[in-house]
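The structure appears below as structure tokens.
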Protein chains: 4
Amino acid sequence: MFFASDNGGPTHPNVMEALRVANEGYAMAYGADPIMEQVRDDIRRIFEAPAAAVYLIINGTAANSVLLATMAQPWQTIFCSDCAHIHEDECNAPEFYTQAKLTLVQTENGKMSADALHAKITAEENRGVHGPQRGPLSLTQATEKGTLYDVDEINALTAVARGFGLKTHMDGARFANALVALDCAPAEMTWQAGIDTLSFGATKNGAMGVEACVIFDPDLAWEFELRRKRGGHLLSKHRYLSAQMQAYLADGLWLDMARAANARCAQLADGLSGHNAVHVLFDPQANIIFFQMPRAEHQRMLSGGAVYYVMDGDASEGDPDEMLTGRLVTDWSVTKDRVGGFLNLLRG
Amino acid sequence: MFFASDNGGPTHPNVMEALRVANEGYAMAYGADPIMEQVRDDIRRIFEAPAAAVYLIINGTAANSVLLATMAQPWQTIFCSDCAHIHEDECNAPEFYTQAKLTLVQTENGKMSADALHAKITAEENRGVHGPQRGPLSLTQATEKGTLYDVDEINALTAVARGFGLKTHMDGARFANALVALDCAPAEMTWQAGIDTLSFGATKNGAMGVEACVIFDPDLAWEFELRRKRGGHLLSKHRYLSAQMQAYLADGLWLDMARAANARCAQLADGLSGHNAVHVLFDPQANIIFFQMPRAEHQRMLSGGAVYYVMDGDASEGDPDEMLTGRLVTDWSVTKDRVGGFLNLLRG
Amino acid sequence: MFFASDNGGPTHPNVMEALRVANEGYAMAYGADPIMEQVRDDIRRIFEAPAAAVYLIINGTAANSVLLATMAQPWQTIFCSDCAHIHEDECNAPEFYTQAKLTLVQTENGKMSADALHAKITAEENRGVHGPQRGPLSLTQATEKGTLYDVDEINALTAVARGFGLKTHMDGARFANALVALDCAPAEMTWQAGIDTLSFGATKNGAMGVEACVIFDPDLAWEFELRRKRGGHLLSKHRYLSAQMQAYLADGLWLDMARAANARCAQLADGLSGHNAVHVLFDPQANIIFFQMPRAEHQRMLSGGAVYYVMDGDASEGDPDEMLTGRLVTDWSVTKDRVGGFLNLLRG
Amino acid sequence: MFFASDNGGPTHPNVMEALRVANEGYAMAYGADPIMEQVRDDIRRIFEAPAAAVYLIINGTAANSVLLATMAQPWQTIFCSDCAHIHEDECNAPEFYTQAKLTLVQTENGKMSADALHAKITAEENRGVHGPQRGPLSLTQATEKGTLYDVDEINALTAVARGFGLKTHMDGARFANALVALDCAPAEMTWQAGIDTLSFGATKNGAMGVEACVIFDPDLAWEFELRRKRGGHLLSKHRYLSAQMQAYLADGLWLDMARAANARCAQLADGLSGHNAVHVLFDPQANIIFFQMPRAEHQRMLSGGAVYYVMDGDASEGDPDEMLTGRLVTDWSVTKDRVGGFLNLLRG
């Protein structure tokens, strides 16, 4: 009953098969492989962005850091949410690549509001060279709390940024989960809503390890290539990144996998909401649930075979009645039965 | 007739099979997968270094940069050869990660001598805080020119470094090719010869994309882990790195592949040496040959289906008699027939 | 009626005279001048810290940044107040030098509490390599709001830091103003209270441009020297820094100047508190006052010849009744008459 | 008999007097002082560059590093001479500020030739993202060996750089010494000869500690200001930098001081050349002489009261006949008598 993370599950068989097929004969290295041509075309078509620059990179931290480094100057501050992955979970990688700092915008339900963003940008008032200068905005979609910005909310946030002349990056490690939940087009959720660059995740959604960096303003492309290489993130045997992404996009596999993950999450949320001892936090719209439950219950679940993280304490020691927060994440491979087993165990 | 690079060939079927097997069920992320445990044990055993810290990373640039960053301080200079990959081919990645600078030691036959190294270290004389401070030595084995340091030469170079209190890194992107050519034990060529850290390459020798970082002084391990993460180089779905390395090491596959690559290179060198118009540069001991030949001959070979790089000019335009340098690289997958075909074409 | 800043006033005549005297003949460069020997001895004596390493540097931003860089690692976060100069007024210099990030601890009255600090350090929970690692604490004394930590408060804060194995830096740009207000010994306010390194300001208190960096743990000294040079902050004609600091310390001049500045500030605060339209913010204990007053009153003062900053708006345009925040700063050169003139003008 | 360095001598009395005068009353901080206005006008007039951006900074390392950081990208390499101060004497400060690397061009007589420069730039061939990208050229005038590029040579070097689209920085720590020796106009030696930015030294030529950064392309001005602040190099009590530079430029004082220093150097060179045991290296054209002499002679001079550096060995221990290199530097304050005394002592 594994719900620890969407990076713990297997790679989808189609992706594995694409790797096998790509492993024939010789291919030019460093992104000059023919599969990458196709991936570039696919992403431009899917995003209705024929001029976008498209690159592949191994993981979300790298995607976020290299993209932000092409957007931010070392004397600027990047505006992001107070629970942003780039702030909390990347061991200063964004600061390393950008040399900039982060200004945290407070969130509710995992999301910053346009007003909160406006207030933070305004507070970094213009004091000549003394303070950090205003830099880009970074939004996470789906958020780290499993919630979503709807398209209007994204538009409102990027409008605030643009009002100050600032560009916007989207951390889309769970982009597909958000997209299918909102049932909108990729373009609507990105460049049409004011997004300038996108970390387009695949790893958490069935790939082996690949993310696309989509740069809607191709003027930044060459700098991205240099920064990617300088970060050690240009793969020689690049065809294996290309092949993963090709299979991921083919025939809507990425959307099917995201729908499956979201459906299992909804099934979980439904089951949890009917349980007295459980309090679901935030509003699970994608494939993550945070929930509170007494320690004793966590202990019972974990020793019963459920695998998930308890975020704010040790489940095995302490007051059995203390409420602790658990996190459940689903990926494409989670079955209805696994969810059912979890909920049965919970019911006791 | 592909001889462009050892990163253009296919992944060995055993590695592909290991990926398939690893793709069962759920695995803890970020290096906590059980296969990594085995890889760590394997490498410690192979290197007779039971306390070594062992990590996996996606490519050689990252391996070199993160390892050197754990060894060098930002106010130091790293001593390396004037044709070192870290100097010429990594777009300032080592400088980015270390914040240090590089001091180039001149080479003959792709190799620095102990005397040349001593002279360069001495020249960075102690002038208090004014000059860069002396930092670690980095050696490439096999060298970028396809030559080898024998064990005595490595010992002599690391002895010079130690005489100044400096540590030594080995860039082993083609470690296996060197090892089988020298017919020595991994320990002899590394820690017993004064090497402190090793970039242990697999990508160029039949893996899909993985290198091991072997740190013989485990005190540096935790800093390495932090720097790897901060560089965006810790993979979430780490089991797929582990599986590659496991298969690479199993039953001496890595040695077999290196022997095959070296044998094809020797076959090529043998054929080239009998050809009037060809002048073989350096002394090919591993899997790379540099050779000079008139432009017209390069043109004939390339249009005849040979695939390789001409390093110092355009083969298709210019004086047909001008001597240009070609580079041939073999990997495990090159067949005798392919080499035969190349040599036949050369004979005309 | 200049109250804009304590960096706008003249250098004390004793300091000017010391520069004149130092300008005789030849002196070894880069800190090897004999006056520096004396300064080092003076500071060690004054701080009762015979082993402390002592260096001079041109300003507070450089002092803070280079000191913090010797204390923090690039993968750490530095804990500081949400109004800290290192966060708000140094254009990312601390991030540039340390490569670390800052975690902001909320303040009341310009000060963080031990509880607030504890909560922030705890929140940077140990999640392996994923989050930033906990780094040093930086305290400002006197604070940016003109308030003071008493010795017990400093002890409480450094005790929290030490409980997590963290060191503490003190930004003492207005150290003298704090010291005379608390009427304690330099040692009591620093190393005896758990401070590891100190930016010991002189520029704002009558010098021309010099701060001492006092490192109570001399193991960090050599790294400091290298980082200072690498930042371009080692002066060749160092004797002119030494001479300033020598005169600053001689015969308690630094304390006299701080007492004078504080006394004028108290005189101002006294006058302001008796004025209906004025609301004094925080609790002015050193040489800075923040106060609120209607825009029309600010306008009247500024056009009447008072010189000071209005922090949160334009005094010359807008609703005349809106309350705006002014900041008054006194230095050693402010006379009773100037304060009297200001208060008379205020009374109208 | 002090000839150790031109940073060991006293500040000119006119500069001291200007500091005294500037110390009246209050002045706006951070470069907004009225004297800076005048300095900016003076430098624009002297350089016949009415649009140039002009800033002051405390020393040459900072001037070079911040200027180069506005010109170079982190993935580039800066071309400089193999004896450049930015390479040898700044403890990686240029690398710290620029994040770029340095490519060393070999020199004769302290100078690179246009051919040597061309060869090095060409050698950094275009290999896509793999190698460092070509960055700016940095020239030192007068050179670190006391020699000069004439105007034609500067033009030839900048023409090479421009041919590759590269800009040129001039490290003019001894700009005045070069200018009076060449007897040309400042514009001729700089922007008319293709120089884009200039570190315009004053410290070594009679100031207390100030250099101007002259940016002939004002588009770089704002980035310079941000980088200066971020490096901790913006002085609050800026008027004292302004005052030094004002006095330095007034009535051609800077030229008079350089002429005096050069004349004493010529007097020394003349005396040395008549001495059997002495071999003068390079061709002293400004205010520095390198010369070889047996160790025993150095020993005799140093114990007789001469103060200068022996660059390549210990004068007090070793073979008395071994030739060692001494360096003599003159500044404005050196008298004919002091030179006479030195030469008399040498004659024995």
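The way I read the labels, and the way they are meant: chains A, B, ... in the order of the structure tokens, residue 1 as the first residue of every chain, and ligand 1 as the first ligand shown, with later ones counted on from there.
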
Would you kindly report the residues of chain B within 9 Å of chain D, using only C-alpha atoms, as an mmCIF file with C-alpha atoms, in the first residue's frame?
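Dumped to result.cif:
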data_model
loop_
_atom_site.group_PDB
_atom_site.id
_atom_site.type_symbol
_atom_site.label_atom_id
_atom_site.label_comp_id
_atom_site.auth_asym_id
_atom_site.auth_seq_id
_atom_site.Cartn_x
_atom_site.Cartn_y
_atom_site.Cartn_z
ATOM 1 C CA PRO B 74 37.053 29.047 -3.940
ATOM 2 C CA TRP B 75 40.372 30.809 -3.443
ATOM 3 C CA GLN B 76 42.422 27.930 -4.798
ATOM 4 C CA THR B 77 43.603 26.826 -8.203
ATOM 5 C CA HIS B 87 39.261 22.750 -18.860
ATOM 6 C CA GLU B 88 38.168 22.364 -22.451
ATOM 7 C CA ASP B 89 34.824 20.664 -22.582
ATOM 8 C CA GLU B 90 32.684 21.481 -19.603
ATOM 9 C CA CYS B 91 31.678 25.097 -20.279
ATOM 10 C CA ASN B 92 33.044 26.324 -16.927
ATOM 11 C CA ALA B 93 31.124 23.718 -14.913
ATOM 12 C CA GLU B 95 34.586 26.666 -12.050
ATOM 13 C CA PHE B 96 30.864 26.996 -11.351
ATOM 14 C CA GLN B 99 34.438 28.670 -7.641
ATOM 15 C CA ALA B 100 38.166 27.975 -7.984
ATOM 16 C CA LYS B 101 40.338 28.453 -11.045
ATOM 17 C CA LEU B 102 42.384 26.029 -13.107
ATOM 18 C CA GLU B 124 52.087 29.358 -7.629
ATOM 19 C CA ARG B 127 52.514 35.148 -1.673
ATOM 20 C CA VAL B 129 46.611 36.119 0.217
ATOM 21 C CA HIS B 130 47.548 37.720 -3.094
ATOM 22 C CA GLY B 131 47.748 34.816 -5.461
ATOM 23 C CA PRO B 132 45.393 31.905 -5.760
ATOM 24 C CA GLN B 133 46.186 29.228 -3.211
#

Practice prompt. Pick out each residue of region 77-185 of chain C that DSSP on the backbone tags as helix (DSSP H, G or I); I need them as a PyMOL selection string.
Written response: chain C and resi 85-88+93-98+114-123+151-163+175-182

Discussion item. Which residues are near Ser138 (chain D)? Cut-off 12 Å, only C-alpha atoms, ignore same chain within fewer than 2 positions. Put them as an MDAnalysis selection string.
Written reply: chainID D and resid 64:65 67:69 71:72 77:87 94 102:105 111:112 117 135:136 140:141 143 154 157:158 161 166:172 194:199

Worksheet item: Skipping near chain neighbours, those fewer than 3 positions away, what residues fall within 8 Å of region 28-45 of chain D using only C-alpha atoms, listed as number ranges by chain?
Response: C: 7-8; D: 48-55, 234-239, 242-243, 245-246, 249

Keeping N, CA and C atoms for every residue in the selection just given, could you write it to a file as a compact mmCIF listing (two decimals), in the first residue's frame?
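Writing done, so here's selection.txt:
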# COMPACT_ATOMS: atom_id res chain seq x y z
N ASN C 7 25.51 58.37 8.60
CA ASN C 7 26.64 58.35 7.67
C ASN C 7 26.75 59.64 6.85
N GLY C 8 25.99 60.64 7.25
CA GLY C 8 26.06 61.92 6.54
C GLY C 8 26.91 62.96 7.24
N GLU D 48 37.47 63.30 -22.76
CA GLU D 48 36.69 63.73 -23.95
C GLU D 48 35.57 62.74 -24.20
N ALA D 49 34.91 62.33 -23.15
CA ALA D 49 33.88 61.31 -23.24
C ALA D 49 32.66 61.77 -22.45
N PRO D 50 31.88 62.66 -23.02
CA PRO D 50 30.81 63.31 -22.25
C PRO D 50 29.72 62.35 -21.78
N ALA D 51 29.62 61.18 -22.38
CA ALA D 51 28.56 60.26 -21.97
C ALA D 51 29.06 59.13 -21.08
N ALA D 52 30.34 59.12 -20.81
CA ALA D 52 30.89 58.01 -20.03
C ALA D 52 30.25 57.95 -18.64
N ALA D 53 30.05 56.73 -18.16
CA ALA D 53 29.64 56.55 -16.77
C ALA D 53 30.91 56.47 -15.92
N VAL D 54 30.88 57.13 -14.77
CA VAL D 54 32.07 57.24 -13.92
C VAL D 54 31.71 56.87 -12.50
N TYR D 55 32.47 55.95 -11.91
CA TYR D 55 32.23 55.55 -10.52
C TYR D 55 33.55 55.47 -9.78
N LEU D 234 30.14 49.87 -2.33
CA LEU D 234 29.58 51.22 -2.37
C LEU D 234 29.79 51.84 -1.00
N LEU D 235 30.54 52.92 -0.94
CA LEU D 235 30.83 53.55 0.35
C LEU D 235 29.70 54.47 0.78
N SER D 236 29.34 54.41 2.05
CA SER D 236 28.34 55.36 2.54
C SER D 236 28.95 56.77 2.55
N LYS D 237 30.05 56.95 3.23
CA LYS D 237 30.66 58.29 3.29
C LYS D 237 31.51 58.50 2.04
N HIS D 238 30.82 58.52 0.94
CA HIS D 238 31.45 58.53 -0.38
C HIS D 238 32.23 59.82 -0.63
N ARG D 239 31.86 60.88 0.04
CA ARG D 239 32.52 62.16 -0.26
C ARG D 239 34.03 62.09 -0.10
N SER D 242 35.36 60.90 -3.30
CA SER D 242 35.23 61.98 -4.27
C SER D 242 36.33 63.03 -4.09
N ALA D 243 36.54 63.39 -2.84
CA ALA D 243 37.50 64.45 -2.57
C ALA D 243 38.91 64.05 -2.99
N MET D 245 39.73 62.05 -5.41
CA MET D 245 39.83 62.05 -6.87
C MET D 245 39.81 63.49 -7.40
N GLN D 246 39.02 64.32 -6.75
CA GLN D 246 38.98 65.73 -7.17
C GLN D 246 40.37 66.36 -7.08
N LEU D 249 42.93 65.07 -9.65
CA LEU D 249 42.81 65.56 -11.03
C LEU D 249 43.08 67.06 -11.15

Practice prompt. Write down as a VMD selection string the residues of region 32-250 of chain B whose backbone DSSP state falls under strand (DSSP E or B).
Written response: chain B and resid 53 to 57 76 to 81 101 to 105 108 111 133 to 140 168 to 172 197 to 201 211 to 215

Item to complete: Can you work out which one of A:Ala22, A:Ala212, A:Ile57, A:Met1 has the shortest atom-to-atom distance to Gly232 (chain A), counting only C-alpha atoms?
Response: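 Of A:Ala22, A:Ala212, A:Ile57, A:Met1, the one nearest Gly232 (chain A), counting only C-alpha atoms, is A:Ile57.
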
Worksheet item: Near region 339-348 of chain D, counting only C-alpha atoms, which residues have an atom at most 12 Å away, once you skip same-chain residues fewer than 6 positions from it, shown as a ChimeraX atom specification?
Response: /D:1-3,261,263-278,293,296-308,328-331,333

Practice prompt. Rank nothing, just name the residue among B:Leu148, B:Gly231, B:Val180, B:Asp319 nearest to Val66 (chain A), using only C-alpha atoms.
Written response: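 Answer, going by the shortest atom-to-atom distance: B:Gly231.
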
Discussion item. With only C-alpha atoms as the counted atoms, please give the residues lying no more than 9 Å from Ala193 (chain B), apart from itself and same-chain residues fewer than 6 positions off, as a list of chain:residue names.
Written reply: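 Near Ala193 (chain B), the qualifying residues are B:Val151, B:Asp152, B:Ile154, B:Asn155, B:Ala156, B:Thr158, B:Ala159, B:Ala187.
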
Worksheet item: Any idea what the distance is between CA of Arg228 (chain C) and CA of Ala62 (chain C)?
Response: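 Interatomic distance, CA of Arg228 (chain C) to CA of Ala62 (chain C): 8.4 Å.
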